[in-house]
$ cat query_11.cif   # mmCIF, N, CA and C atoms
data_my_file
loop_
_atom_site.label_atom_id
_atom_site.label_comp_id
_atom_site.auth_asym_id
_atom_site.auth_seq_id
_atom_site.Cartn_x
_atom_site.Cartn_y
_atom_site.Cartn_z
N MET E 4 -1.24 15.36 -18.24
CA MET E 4 -0.22 15.45 -17.19
C MET E 4 -0.37 14.24 -16.27
N SER E 5 0.72 13.58 -15.96
CA SER E 5 0.61 12.40 -15.11
C SER E 5 1.45 12.52 -13.83
N ILE E 6 1.57 13.74 -13.33
CA ILE E 6 2.27 13.97 -12.06
C ILE E 6 1.21 14.33 -11.01
N PRO E 7 1.01 13.45 -10.03
CA PRO E 7 -0.10 13.64 -9.09
C PRO E 7 -0.15 14.99 -8.39
N THR E 8 1.00 15.55 -8.04
CA THR E 8 1.00 16.79 -7.27
C THR E 8 0.72 18.04 -8.10
N VAL E 9 0.55 17.89 -9.41
CA VAL E 9 0.22 19.07 -10.23
C VAL E 9 -1.16 18.95 -10.88
N VAL E 10 -1.90 17.89 -10.56
CA VAL E 10 -3.25 17.72 -11.11
C VAL E 10 -4.26 18.13 -10.03
N PHE E 11 -5.07 19.13 -10.37
CA PHE E 11 -6.08 19.64 -9.44
C PHE E 11 -7.50 19.55 -10.00
N ASP E 12 -7.65 19.07 -11.24
CA ASP E 12 -8.96 19.07 -11.89
C ASP E 12 -9.55 17.68 -12.12
N ASP E 13 -8.95 16.66 -11.54
CA ASP E 13 -9.46 15.29 -11.64
C ASP E 13 -9.02 14.54 -10.39
N PHE E 14 -9.85 13.60 -9.92
CA PHE E 14 -9.51 12.85 -8.72
C PHE E 14 -8.38 11.84 -8.95
N TRP E 15 -8.27 11.30 -10.18
CA TRP E 15 -7.37 10.19 -10.45
C TRP E 15 -6.56 10.38 -11.72
N ILE E 16 -5.38 9.79 -11.72
CA ILE E 16 -4.57 9.59 -12.93
C ILE E 16 -4.51 8.08 -13.13
N HIS E 17 -4.70 7.63 -14.36
CA HIS E 17 -4.79 6.20 -14.65
C HIS E 17 -3.63 5.72 -15.51
N ALA E 18 -3.30 4.44 -15.35
CA ALA E 18 -2.35 3.74 -16.22
C ALA E 18 -2.94 2.38 -16.53
N GLN E 19 -2.70 1.88 -17.75
CA GLN E 19 -3.24 0.57 -18.14
C GLN E 19 -2.14 -0.31 -18.71
N SER E 20 -2.27 -1.62 -18.46
CA SER E 20 -1.35 -2.58 -19.04
C SER E 20 -1.80 -2.88 -20.47
N PRO E 21 -0.93 -3.47 -21.28
CA PRO E 21 -1.32 -3.83 -22.64
C PRO E 21 -2.49 -4.81 -22.70
N GLU E 22 -2.72 -5.62 -21.66
CA GLU E 22 -3.81 -6.60 -21.67
C GLU E 22 -5.11 -6.08 -21.07
N TYR E 23 -5.18 -4.80 -20.77
CA TYR E 23 -6.34 -4.24 -20.08
C TYR E 23 -7.66 -4.50 -20.79
N SER E 24 -7.71 -4.41 -22.09
CA SER E 24 -8.98 -4.53 -22.82
C SER E 24 -9.60 -5.92 -22.73
N GLU E 25 -8.83 -6.92 -22.31
CA GLU E 25 -9.32 -8.30 -22.24
C GLU E 25 -9.96 -8.64 -20.89
N ILE E 26 -10.17 -7.69 -20.04
CA ILE E 26 -10.59 -7.93 -18.66
C ILE E 26 -12.10 -7.91 -18.51
N LEU E 27 -12.61 -8.85 -17.69
CA LEU E 27 -14.02 -8.83 -17.27
C LEU E 27 -14.10 -7.91 -16.06
N LYS E 28 -14.49 -6.69 -16.27
CA LYS E 28 -14.39 -5.65 -15.25
C LYS E 28 -15.22 -5.92 -13.99
N ASP E 29 -16.23 -6.81 -14.06
CA ASP E 29 -17.04 -7.10 -12.89
C ASP E 29 -16.26 -7.79 -11.78
N TYR E 30 -15.15 -8.44 -12.11
CA TYR E 30 -14.39 -9.22 -11.13
C TYR E 30 -13.08 -8.55 -10.71
N VAL E 31 -12.86 -7.36 -11.16
CA VAL E 31 -11.61 -6.64 -10.86
C VAL E 31 -11.51 -6.35 -9.37
N GLY E 32 -10.28 -6.41 -8.86
CA GLY E 32 -9.97 -6.03 -7.49
C GLY E 32 -8.69 -5.23 -7.48
N LYS E 33 -8.30 -4.72 -6.30
CA LYS E 33 -7.12 -3.84 -6.26
C LYS E 33 -6.37 -3.94 -4.94
N TRP E 34 -5.06 -3.90 -5.06
CA TRP E 34 -4.19 -3.68 -3.91
C TRP E 34 -4.17 -2.18 -3.67
N MET E 35 -4.33 -1.76 -2.42
CA MET E 35 -4.37 -0.35 -2.08
C MET E 35 -3.09 0.03 -1.36
N LEU E 36 -2.37 0.98 -1.95
CA LEU E 36 -1.11 1.46 -1.38
C LEU E 36 -1.33 2.86 -0.83
N PHE E 37 -1.08 3.03 0.44
CA PHE E 37 -1.23 4.34 1.06
C PHE E 37 0.16 4.94 1.20
N ILE E 38 0.42 5.98 0.40
CA ILE E 38 1.76 6.52 0.21
C ILE E 38 1.85 7.91 0.85
N PRO E 39 2.94 8.17 1.59
CA PRO E 39 3.12 9.54 2.10
C PRO E 39 3.08 10.54 0.93
N ALA E 40 2.34 11.61 1.08
CA ALA E 40 2.14 12.58 0.00
C ALA E 40 3.47 13.10 -0.56
N LYS E 41 4.47 13.22 0.27
CA LYS E 41 5.76 13.74 -0.21
C LYS E 41 6.47 12.75 -1.14
N ARG E 42 6.03 11.48 -1.17
CA ARG E 42 6.65 10.47 -2.04
C ARG E 42 5.73 10.02 -3.18
N ILE E 43 4.58 10.68 -3.35
CA ILE E 43 3.59 10.19 -4.30
C ILE E 43 4.08 10.27 -5.75
N ASN E 44 4.77 11.34 -6.14
CA ASN E 44 5.22 11.46 -7.54
C ASN E 44 6.19 10.36 -7.92
N GLU E 45 7.21 10.13 -7.12
CA GLU E 45 8.20 9.09 -7.45
C GLU E 45 7.58 7.69 -7.39
N THR E 46 6.69 7.48 -6.42
CA THR E 46 6.04 6.17 -6.30
C THR E 46 5.12 5.92 -7.48
N TRP E 47 4.33 6.92 -7.86
CA TRP E 47 3.44 6.77 -9.00
C TRP E 47 4.23 6.52 -10.28
N ASP E 48 5.33 7.20 -10.46
CA ASP E 48 6.15 7.01 -11.66
C ASP E 48 6.58 5.54 -11.78
N LYS E 49 6.99 4.95 -10.68
CA LYS E 49 7.40 3.54 -10.67
C LYS E 49 6.22 2.61 -10.97
N ILE E 50 5.09 2.83 -10.31
CA ILE E 50 3.90 1.99 -10.51
C ILE E 50 3.39 2.14 -11.95
N LYS E 51 3.32 3.35 -12.44
CA LYS E 51 2.84 3.62 -13.80
C LYS E 51 3.72 2.91 -14.83
N ARG E 52 5.01 3.04 -14.68
CA ARG E 52 5.97 2.41 -15.62
C ARG E 52 5.80 0.90 -15.64
N GLU E 53 5.73 0.28 -14.46
CA GLU E 53 5.59 -1.17 -14.38
C GLU E 53 4.24 -1.65 -14.92
N THR E 54 3.20 -0.89 -14.66
CA THR E 54 1.86 -1.25 -15.15
C THR E 54 1.81 -1.16 -16.68
N GLU E 55 2.25 -0.05 -17.23
CA GLU E 55 2.18 0.16 -18.68
C GLU E 55 3.08 -0.80 -19.45
N SER E 56 4.12 -1.31 -18.80
CA SER E 56 4.99 -2.29 -19.46
C SER E 56 4.46 -3.71 -19.35
N GLY E 57 3.35 -3.90 -18.63
CA GLY E 57 2.74 -5.22 -18.49
C GLY E 57 3.33 -6.06 -17.39
N ASN E 58 4.13 -5.46 -16.51
CA ASN E 58 4.78 -6.18 -15.42
C ASN E 58 4.02 -6.16 -14.10
N LEU E 59 2.98 -5.34 -14.00
CA LEU E 59 2.30 -5.15 -12.72
C LEU E 59 0.80 -4.96 -12.94
N GLY E 60 0.03 -5.99 -12.69
CA GLY E 60 -1.42 -5.88 -12.75
C GLY E 60 -1.95 -5.48 -14.11
N ILE E 61 -3.24 -5.19 -14.15
CA ILE E 61 -3.90 -4.82 -15.40
C ILE E 61 -4.07 -3.32 -15.55
N ALA E 62 -4.04 -2.60 -14.42
CA ALA E 62 -4.20 -1.16 -14.43
C ALA E 62 -3.79 -0.62 -13.07
N ALA E 63 -3.66 0.70 -13.01
CA ALA E 63 -3.35 1.36 -11.74
C ALA E 63 -3.92 2.76 -11.80
N LYS E 64 -4.12 3.35 -10.63
CA LYS E 64 -4.53 4.74 -10.57
C LYS E 64 -3.96 5.35 -9.30
N THR E 65 -3.78 6.66 -9.34
CA THR E 65 -3.31 7.37 -8.16
C THR E 65 -4.20 8.58 -7.90
N ALA E 66 -4.35 8.88 -6.64
CA ALA E 66 -5.06 10.10 -6.25
C ALA E 66 -4.23 11.31 -6.65
N THR E 67 -4.91 12.42 -6.89
CA THR E 67 -4.24 13.67 -7.26
C THR E 67 -4.44 14.68 -6.13
N MET E 68 -4.21 15.93 -6.43
CA MET E 68 -4.37 16.98 -5.44
C MET E 68 -5.80 17.51 -5.36
N MET E 69 -6.68 17.02 -6.22
CA MET E 69 -8.08 17.45 -6.16
C MET E 69 -8.68 16.98 -4.83
N PRO E 70 -9.26 17.87 -4.07
CA PRO E 70 -9.85 17.47 -2.79
C PRO E 70 -10.90 16.37 -2.97
N ASN E 71 -10.82 15.36 -2.09
CA ASN E 71 -11.71 14.21 -2.19
C ASN E 71 -12.31 13.95 -0.80
N ALA E 72 -13.62 13.94 -0.71
CA ALA E 72 -14.30 13.74 0.58
C ALA E 72 -13.99 12.37 1.18
N ARG E 73 -13.60 11.39 0.36
CA ARG E 73 -13.29 10.04 0.87
C ARG E 73 -11.92 9.99 1.55
N SER E 74 -11.08 10.96 1.28
CA SER E 74 -9.74 10.98 1.87
C SER E 74 -9.80 11.67 3.23
N ASN E 75 -9.26 11.00 4.25
CA ASN E 75 -9.29 11.60 5.58
C ASN E 75 -7.91 11.99 6.10
N ASP E 76 -6.91 11.96 5.21
CA ASP E 76 -5.55 12.32 5.62
C ASP E 76 -4.84 12.98 4.45
N SER E 77 -4.62 14.29 4.54
CA SER E 77 -3.98 15.02 3.44
C SER E 77 -2.50 14.69 3.29
N PHE E 78 -1.93 13.97 4.24
CA PHE E 78 -0.51 13.61 4.17
C PHE E 78 -0.30 12.23 3.54
N VAL E 79 -1.39 11.56 3.17
CA VAL E 79 -1.31 10.22 2.57
C VAL E 79 -2.15 10.20 1.29
N GLN E 80 -1.58 9.64 0.23
CA GLN E 80 -2.26 9.50 -1.05
C GLN E 80 -2.46 8.03 -1.37
N LEU E 81 -3.53 7.71 -2.07
CA LEU E 81 -3.84 6.34 -2.44
C LEU E 81 -3.40 6.03 -3.86
N ILE E 82 -2.73 4.88 -4.01
CA ILE E 82 -2.48 4.28 -5.32
C ILE E 82 -3.15 2.92 -5.31
N CYS E 83 -3.92 2.63 -6.35
CA CYS E 83 -4.56 1.32 -6.50
C CYS E 83 -3.88 0.58 -7.64
N VAL E 84 -3.55 -0.69 -7.40
CA VAL E 84 -2.98 -1.56 -8.42
C VAL E 84 -3.98 -2.69 -8.62
N TYR E 85 -4.51 -2.80 -9.84
CA TYR E 85 -5.64 -3.69 -10.14
C TYR E 85 -5.21 -5.07 -10.62
N THR E 86 -6.01 -6.07 -10.22
CA THR E 86 -5.89 -7.42 -10.74
C THR E 86 -7.17 -7.73 -11.51
N LYS E 87 -7.09 -8.72 -12.40
CA LYS E 87 -8.23 -8.99 -13.29
C LYS E 87 -9.39 -9.69 -12.61
N ASP E 88 -9.12 -10.45 -11.53
CA ASP E 88 -10.18 -11.26 -10.92
C ASP E 88 -9.85 -11.48 -9.45
N PHE E 89 -10.65 -10.91 -8.57
CA PHE E 89 -10.37 -11.03 -7.13
C PHE E 89 -10.39 -12.46 -6.64
N SER E 90 -11.06 -13.36 -7.36
CA SER E 90 -11.11 -14.76 -6.92
C SER E 90 -9.95 -15.60 -7.44
N ASP E 91 -9.13 -15.02 -8.31
CA ASP E 91 -7.95 -15.71 -8.86
C ASP E 91 -6.77 -15.42 -7.94
N LEU E 92 -6.64 -16.22 -6.87
CA LEU E 92 -5.61 -15.95 -5.86
C LEU E 92 -4.20 -16.04 -6.43
N GLU E 93 -4.00 -16.85 -7.44
CA GLU E 93 -2.67 -16.94 -8.06
C GLU E 93 -2.28 -15.58 -8.65
N ASP E 94 -3.19 -14.94 -9.36
CA ASP E 94 -2.91 -13.63 -9.94
C ASP E 94 -2.80 -12.56 -8.87
N VAL E 95 -3.69 -12.62 -7.86
CA VAL E 95 -3.63 -11.64 -6.76
C VAL E 95 -2.26 -11.73 -6.07
N LYS E 96 -1.76 -12.96 -5.84
CA LYS E 96 -0.45 -13.15 -5.21
C LYS E 96 0.69 -12.74 -6.14
N LYS E 97 0.53 -12.97 -7.44
CA LYS E 97 1.55 -12.57 -8.42
C LYS E 97 1.77 -11.06 -8.37
N VAL E 98 0.66 -10.31 -8.36
CA VAL E 98 0.76 -8.85 -8.29
C VAL E 98 1.34 -8.43 -6.94
N LEU E 99 0.93 -9.08 -5.87
CA LEU E 99 1.51 -8.80 -4.55
C LEU E 99 3.01 -9.04 -4.57
N GLY E 100 3.45 -10.15 -5.17
CA GLY E 100 4.88 -10.45 -5.25
C GLY E 100 5.65 -9.36 -5.98
N LYS E 101 5.09 -8.84 -7.06
CA LYS E 101 5.74 -7.76 -7.79
C LYS E 101 5.79 -6.49 -6.94
N LEU E 102 4.71 -6.21 -6.21
CA LEU E 102 4.73 -5.05 -5.31
C LEU E 102 5.83 -5.21 -4.26
N ARG E 103 5.97 -6.42 -3.72
CA ARG E 103 7.05 -6.68 -2.75
C ARG E 103 8.41 -6.45 -3.40
N ASP E 104 8.58 -6.95 -4.63
CA ASP E 104 9.85 -6.75 -5.36
C ASP E 104 10.15 -5.27 -5.56
N LEU E 105 9.10 -4.46 -5.70
CA LEU E 105 9.27 -3.01 -5.90
C LEU E 105 9.51 -2.26 -4.59
N GLY E 106 9.48 -2.97 -3.47
CA GLY E 106 9.82 -2.35 -2.19
C GLY E 106 8.66 -2.08 -1.25
N PHE E 107 7.47 -2.54 -1.58
CA PHE E 107 6.31 -2.33 -0.70
C PHE E 107 6.28 -3.47 0.31
N ALA E 108 6.92 -3.26 1.46
CA ALA E 108 7.20 -4.34 2.40
C ALA E 108 6.18 -4.46 3.53
N GLY E 109 5.45 -3.45 3.81
CA GLY E 109 4.54 -3.48 4.97
C GLY E 109 3.19 -4.08 4.68
N ARG E 110 2.26 -3.76 5.55
CA ARG E 110 0.88 -4.25 5.42
C ARG E 110 0.25 -3.66 4.16
N LEU E 111 -0.43 -4.53 3.41
CA LEU E 111 -1.18 -4.10 2.23
C LEU E 111 -2.59 -4.67 2.32
N ASN E 112 -3.54 -3.92 1.82
CA ASN E 112 -4.94 -4.34 1.81
C ASN E 112 -5.45 -4.41 0.38
N TYR E 113 -6.39 -5.32 0.18
CA TYR E 113 -6.96 -5.58 -1.14
C TYR E 113 -8.47 -5.64 -1.02
N LYS E 114 -9.16 -5.06 -1.99
CA LYS E 114 -10.62 -5.23 -2.02
C LYS E 114 -11.09 -5.29 -3.47
N GLU E 115 -12.22 -5.96 -3.64
CA GLU E 115 -12.81 -6.08 -4.95
C GLU E 115 -13.54 -4.78 -5.28
N ASP E 116 -13.60 -4.45 -6.59
CA ASP E 116 -14.27 -3.22 -6.99
C ASP E 116 -15.74 -3.23 -6.63
N GLU E 117 -16.34 -4.41 -6.54
CA GLU E 117 -17.76 -4.48 -6.16
C GLU E 117 -17.96 -3.89 -4.76
N ALA E 118 -16.98 -4.05 -3.88
CA ALA E 118 -17.07 -3.44 -2.54
C ALA E 118 -17.07 -1.92 -2.65
N THR E 119 -16.25 -1.38 -3.53
CA THR E 119 -16.23 0.06 -3.74
C THR E 119 -17.56 0.53 -4.32
N ARG E 120 -18.06 -0.19 -5.33
CA ARG E 120 -19.35 0.17 -5.93
C ARG E 120 -20.49 0.06 -4.91
N SER E 121 -20.31 -0.81 -3.91
CA SER E 121 -21.31 -0.98 -2.85
C SER E 121 -21.09 0.00 -1.71
N ASP E 122 -20.17 0.95 -1.89
CA ASP E 122 -19.88 2.02 -0.92
C ASP E 122 -19.32 1.47 0.40
N ILE E 123 -18.47 0.45 0.30
CA ILE E 123 -17.83 -0.13 1.48
C ILE E 123 -16.41 0.42 1.58
N TYR E 124 -16.18 1.20 2.62
CA TYR E 124 -14.89 1.85 2.86
C TYR E 124 -14.50 1.69 4.31
N GLY E 125 -13.22 1.91 4.61
CA GLY E 125 -12.75 1.94 5.98
C GLY E 125 -12.60 0.56 6.60
N LYS E 126 -12.68 0.52 7.92
CA LYS E 126 -12.49 -0.72 8.66
C LYS E 126 -13.49 -1.78 8.19
N GLY E 127 -12.96 -2.96 7.88
CA GLY E 127 -13.79 -4.05 7.41
C GLY E 127 -13.99 -4.09 5.91
N ALA E 128 -13.43 -3.14 5.18
CA ALA E 128 -13.62 -3.09 3.73
C ALA E 128 -12.73 -4.08 2.98
N SER E 129 -11.58 -4.43 3.54
CA SER E 129 -10.62 -5.27 2.83
C SER E 129 -11.09 -6.72 2.72
N LEU E 130 -10.97 -7.26 1.52
CA LEU E 130 -11.22 -8.68 1.29
C LEU E 130 -10.02 -9.49 1.75
N TYR E 131 -8.83 -9.03 1.37
CA TYR E 131 -7.58 -9.69 1.76
C TYR E 131 -6.66 -8.68 2.42
N THR E 132 -5.78 -9.18 3.27
CA THR E 132 -4.73 -8.35 3.84
C THR E 132 -3.47 -9.19 3.97
N THR E 133 -2.36 -8.53 4.00
CA THR E 133 -1.07 -9.19 4.19
C THR E 133 -0.18 -8.27 5.01
N SER E 134 0.48 -8.82 6.00
CA SER E 134 1.34 -7.97 6.84
C SER E 134 2.76 -7.91 6.30
N SER E 135 3.21 -8.99 5.69
CA SER E 135 4.54 -9.01 5.05
C SER E 135 4.60 -10.26 4.19
N GLY E 136 5.58 -10.32 3.34
CA GLY E 136 5.73 -11.50 2.49
C GLY E 136 4.56 -11.67 1.55
N LEU E 137 4.27 -12.94 1.22
CA LEU E 137 3.23 -13.25 0.24
C LEU E 137 2.03 -13.97 0.84
N GLU E 138 2.01 -14.11 2.15
CA GLU E 138 0.89 -14.77 2.80
C GLU E 138 -0.31 -13.83 2.85
N ILE E 139 -1.43 -14.30 2.29
CA ILE E 139 -2.64 -13.49 2.22
C ILE E 139 -3.68 -14.06 3.18
N LYS E 140 -4.30 -13.18 3.95
CA LYS E 140 -5.36 -13.59 4.87
C LYS E 140 -6.68 -13.02 4.35
N GLN E 141 -7.68 -13.89 4.19
CA GLN E 141 -8.99 -13.43 3.78
C GLN E 141 -9.72 -12.88 5.01
N MET E 142 -10.25 -11.67 4.89
CA MET E 142 -10.84 -10.97 6.02
C MET E 142 -12.37 -11.08 6.09
N ARG E 143 -13.00 -11.36 4.97
CA ARG E 143 -14.46 -11.44 4.91
C ARG E 143 -14.84 -12.20 3.64
N ALA E 144 -16.11 -12.50 3.51
CA ALA E 144 -16.61 -13.14 2.29
C ALA E 144 -16.59 -12.11 1.14
N PRO E 145 -16.28 -12.54 -0.06
CA PRO E 145 -16.28 -11.60 -1.18
C PRO E 145 -17.69 -11.13 -1.52
N ILE E 146 -17.76 -9.95 -2.06
CA ILE E 146 -19.02 -9.42 -2.56
C ILE E 146 -19.07 -9.76 -4.04
N GLU E 147 -19.94 -10.67 -4.38
CA GLU E 147 -20.03 -11.13 -5.77
C GLU E 147 -20.66 -10.03 -6.63
N PRO E 148 -20.16 -9.87 -7.85
CA PRO E 148 -20.73 -8.86 -8.72
C PRO E 148 -22.18 -9.16 -9.06
N ASN E 149 -22.96 -8.11 -9.16
CA ASN E 149 -24.33 -8.24 -9.61
C ASN E 149 -24.32 -8.15 -11.12
N LEU E 150 -24.36 -9.29 -11.79
CA LEU E 150 -24.22 -9.33 -13.23
C LEU E 150 -25.52 -9.03 -13.96
N VAL E 151 -26.62 -8.87 -13.23
CA VAL E 151 -27.89 -8.49 -13.84
C VAL E 151 -27.97 -6.97 -13.83
N LYS E 152 -27.96 -6.40 -14.98
CA LYS E 152 -27.96 -4.92 -15.07
C LYS E 152 -29.32 -4.41 -15.46
#
$ encode --input "query_11.cif" --output "structure tokens"
Amino acid sequence: MSIPTVVFDDFWIHAQSPEYSEILKDYVGKWMLFIPAKRINETWDKIKRETESGNLGIAAKTATMMPNARSNDSFVQLICVYTKDFSDLEDVKKVLGKLRDLGFAGRLNYKEDEATRSDIYGKGASLYTTSSGLEIKQMRAPIEPNLVK
């Protein structure tokens, strides 16, 4: 089932682009869309369709109705739209441009997955932010992946 408001047994629903398997996952980052809960199904349908057709990022995921301790607002749901490399600003901006084309006009925040793996959330977590248009402001130094496992 890929309708966020009817999934209660998993935190996320995922979508992947056709090029997903070619990605170096250590460098992945994501645009974070905070969507009013009443619009999550229609918004996810649009993001999922564009992602799976290869028009928007490498992958996407949306929060479901499963309670999540990281969520502090039950009226807002998170959708993440992934890029292949947080340091590839051309690709980060390309995905931002597509999000703008899809109607996401306000402030958007972006962070690398390494920040999430490092348990960095909330104020100060964003690597990049944009208030409108395609201008991206870097907010902090990137957290480089720890490639030694």
$ resolve_selection --input "query_11.cif" --expression "the PyMOL selection byres ((chain E and resi 57-64) around 5)" --output "list of chain:residue names"
E:Ile16, E:His17, E:Ala18, E:Gln19, E:Ser20, E:Pro21, E:Glu53, E:Thr54, E:Glu55, E:Ser56, E:Thr65, E:Ala66, E:Ile82, E:Cys83, E:Val84, E:Tyr85, E:Thr86
$ resolve_selection --input "query_11.cif" --expression "the PyMOL selection byres ((chain E and resi 6) around 8)" --output "ChimeraX atom specification"
/E:4-5,7-11,16,43-45,47-48,66-68
$ atom_distance --input "query_11.cif" --atom1 "atom C of Asp91 of chain E" --atom2 "atom C of Ala108 of chain E"
20.5 Å
$ closest_residue --input "query_11.cif" --among "E:Tyr124, E:Tyr131, E:Tyr113, E:Phe14" --to "Met35 of chain E" --atoms "all atoms listed in the file"
E:Tyr113
$ resolve_selection --input "query_11.cif" --expression "the PyMOL selection byres (((chain E and resi 78-81 and name CA) around 6) and name CA)" --output "CSV table (one decimal) with N, CA and C atoms, in the frame of the given file"
chain,number,residue,atom,x,y,z
E,36,LEU,N,-2.4,1.0,-2.0
E,36,LEU,CA,-1.1,1.5,-1.4
E,36,LEU,C,-1.3,2.9,-0.8
E,37,PHE,N,-1.1,3.0,0.4
E,37,PHE,CA,-1.2,4.3,1.1
E,37,PHE,C,0.2,4.9,1.2
E,38,ILE,N,0.4,6.0,0.4
E,38,ILE,CA,1.8,6.5,0.2
E,38,ILE,C,1.8,7.9,0.8
E,39,PRO,N,2.9,8.2,1.6
E,39,PRO,CA,3.1,9.5,2.1
E,39,PRO,C,3.1,10.5,0.9
E,40,ALA,N,2.3,11.6,1.1
E,40,ALA,CA,2.1,12.6,0.0
E,40,ALA,C,3.5,13.1,-0.6
E,65,THR,N,-3.8,6.7,-9.3
E,65,THR,CA,-3.3,7.4,-8.2
E,65,THR,C,-4.2,8.6,-7.9
E,66,ALA,N,-4.4,8.9,-6.6
E,66,ALA,CA,-5.1,10.1,-6.2
E,66,ALA,C,-4.2,11.3,-6.6
E,76,ASP,N,-6.9,12.0,5.2
E,76,ASP,CA,-5.6,12.3,5.6
E,76,ASP,C,-4.8,13.0,4.4
E,77,SER,N,-4.6,14.3,4.5
E,77,SER,CA,-4.0,15.0,3.4
E,77,SER,C,-2.5,14.7,3.3
E,82,ILE,N,-2.7,4.9,-4.0
E,82,ILE,CA,-2.5,4.3,-5.3
E,82,ILE,C,-3.2,2.9,-5.3
$ select_by_dssp --input "query_11.cif" --residues "chain E" --states "strand (DSSP E or B)" --output "PyMOL selection string"
chain E and resi 15-19+32-39+62-66+79-86+111-115+131-133+140-141
$ write_last_selection --input "query_11.cif" --atoms "N, CA and C atoms" --output "tab-separated table (two decimals), keeping the file's coordinate frame"
chain	number	residue	atom	x	y	z
E	15	TRP	N	-8.27	11.30	-10.18
E	15	TRP	CA	-7.37	10.19	-10.45
E	15	TRP	C	-6.56	10.38	-11.72
E	16	ILE	N	-5.38	9.79	-11.72
E	16	ILE	CA	-4.57	9.59	-12.93
E	16	ILE	C	-4.51	8.08	-13.13
E	17	HIS	N	-4.70	7.63	-14.36
E	17	HIS	CA	-4.79	6.20	-14.65
E	17	HIS	C	-3.63	5.72	-15.51
E	18	ALA	N	-3.30	4.44	-15.35
E	18	ALA	CA	-2.35	3.74	-16.22
E	18	ALA	C	-2.94	2.38	-16.53
E	19	GLN	N	-2.70	1.88	-17.75
E	19	GLN	CA	-3.24	0.57	-18.14
E	19	GLN	C	-2.14	-0.31	-18.71
E	32	GLY	N	-10.28	-6.41	-8.86
E	32	GLY	CA	-9.97	-6.03	-7.49
E	32	GLY	C	-8.69	-5.23	-7.48
E	33	LYS	N	-8.30	-4.72	-6.30
E	33	LYS	CA	-7.12	-3.84	-6.26
E	33	LYS	C	-6.37	-3.94	-4.94
E	34	TRP	N	-5.06	-3.90	-5.06
E	34	TRP	CA	-4.19	-3.68	-3.91
E	34	TRP	C	-4.17	-2.18	-3.67
E	35	MET	N	-4.33	-1.76	-2.42
E	35	MET	CA	-4.37	-0.35	-2.08
E	35	MET	C	-3.09	0.03	-1.36
E	36	LEU	N	-2.37	0.98	-1.95
E	36	LEU	CA	-1.11	1.46	-1.38
E	36	LEU	C	-1.33	2.86	-0.83
E	37	PHE	N	-1.08	3.03	0.44
E	37	PHE	CA	-1.23	4.34	1.06
E	37	PHE	C	0.16	4.94	1.20
E	38	ILE	N	0.42	5.98	0.40
E	38	ILE	CA	1.76	6.52	0.21
E	38	ILE	C	1.85	7.91	0.85
E	39	PRO	N	2.94	8.17	1.59
E	39	PRO	CA	3.12	9.54	2.10
E	39	PRO	C	3.08	10.54	0.93
E	62	ALA	N	-4.04	-2.60	-14.42
E	62	ALA	CA	-4.20	-1.16	-14.43
E	62	ALA	C	-3.79	-0.62	-13.07
E	63	ALA	N	-3.66	0.70	-13.01
E	63	ALA	CA	-3.35	1.36	-11.74
E	63	ALA	C	-3.92	2.76	-11.80
E	64	LYS	N	-4.12	3.35	-10.63
E	64	LYS	CA	-4.53	4.74	-10.57
E	64	LYS	C	-3.96	5.35	-9.30
E	65	THR	N	-3.78	6.66	-9.34
E	65	THR	CA	-3.31	7.37	-8.16
E	65	THR	C	-4.20	8.58	-7.90
E	66	ALA	N	-4.35	8.88	-6.64
E	66	ALA	CA	-5.06	10.10	-6.25
E	66	ALA	C	-4.23	11.31	-6.65
E	79	VAL	N	-1.39	11.56	3.17
E	79	VAL	CA	-1.31	10.22	2.57
E	79	VAL	C	-2.15	10.20	1.29
E	80	GLN	N	-1.58	9.64	0.23
E	80	GLN	CA	-2.26	9.50	-1.05
E	80	GLN	C	-2.46	8.03	-1.37
E	81	LEU	N	-3.53	7.71	-2.07
E	81	LEU	CA	-3.84	6.34	-2.44
E	81	LEU	C	-3.40	6.03	-3.86
E	82	ILE	N	-2.73	4.88	-4.01
E	82	ILE	CA	-2.48	4.28	-5.32
E	82	ILE	C	-3.15	2.92	-5.31
E	83	CYS	N	-3.92	2.63	-6.35
E	83	CYS	CA	-4.56	1.32	-6.50
E	83	CYS	C	-3.88	0.58	-7.64
E	84	VAL	N	-3.55	-0.69	-7.40
E	84	VAL	CA	-2.98	-1.56	-8.42
E	84	VAL	C	-3.98	-2.69	-8.62
E	85	TYR	N	-4.51	-2.80	-9.84
E	85	TYR	CA	-5.64	-3.69	-10.14
E	85	TYR	C	-5.21	-5.07	-10.62
E	86	THR	N	-6.01	-6.07	-10.22
E	86	THR	CA	-5.89	-7.42	-10.74
E	86	THR	C	-7.17	-7.73	-11.51
E	111	LEU	N	-0.43	-4.53	3.41
E	111	LEU	CA	-1.18	-4.10	2.23
E	111	LEU	C	-2.59	-4.67	2.32
E	112	ASN	N	-3.54	-3.92	1.82
E	112	ASN	CA	-4.94	-4.34	1.81
E	112	ASN	C	-5.45	-4.41	0.38
E	113	TYR	N	-6.39	-5.32	0.18
E	113	TYR	CA	-6.96	-5.58	-1.14
E	113	TYR	C	-8.47	-5.64	-1.02
E	114	LYS	N	-9.16	-5.06	-1.99
E	114	LYS	CA	-10.62	-5.23	-2.02
E	114	LYS	C	-11.09	-5.29	-3.47
E	115	GLU	N	-12.22	-5.96	-3.64
E	115	GLU	CA	-12.81	-6.08	-4.95
E	115	GLU	C	-13.54	-4.78	-5.28
E	131	TYR	N	-8.83	-9.03	1.37
E	131	TYR	CA	-7.58	-9.69	1.76
E	131	TYR	C	-6.66	-8.68	2.42
E	132	THR	N	-5.78	-9.18	3.27
E	132	THR	CA	-4.73	-8.35	3.84
E	132	THR	C	-3.47	-9.19	3.97
E	133	THR	N	-2.36	-8.53	4.00
E	133	THR	CA	-1.07	-9.19	4.19
E	133	THR	C	-0.18	-8.27	5.01
E	140	LYS	N	-4.30	-13.18	3.95
E	140	LYS	CA	-5.36	-13.59	4.87
E	140	LYS	C	-6.68	-13.02	4.35
E	141	GLN	N	-7.68	-13.89	4.19
E	141	GLN	CA	-8.99	-13.43	3.78
E	141	GLN	C	-9.72	-12.88	5.01
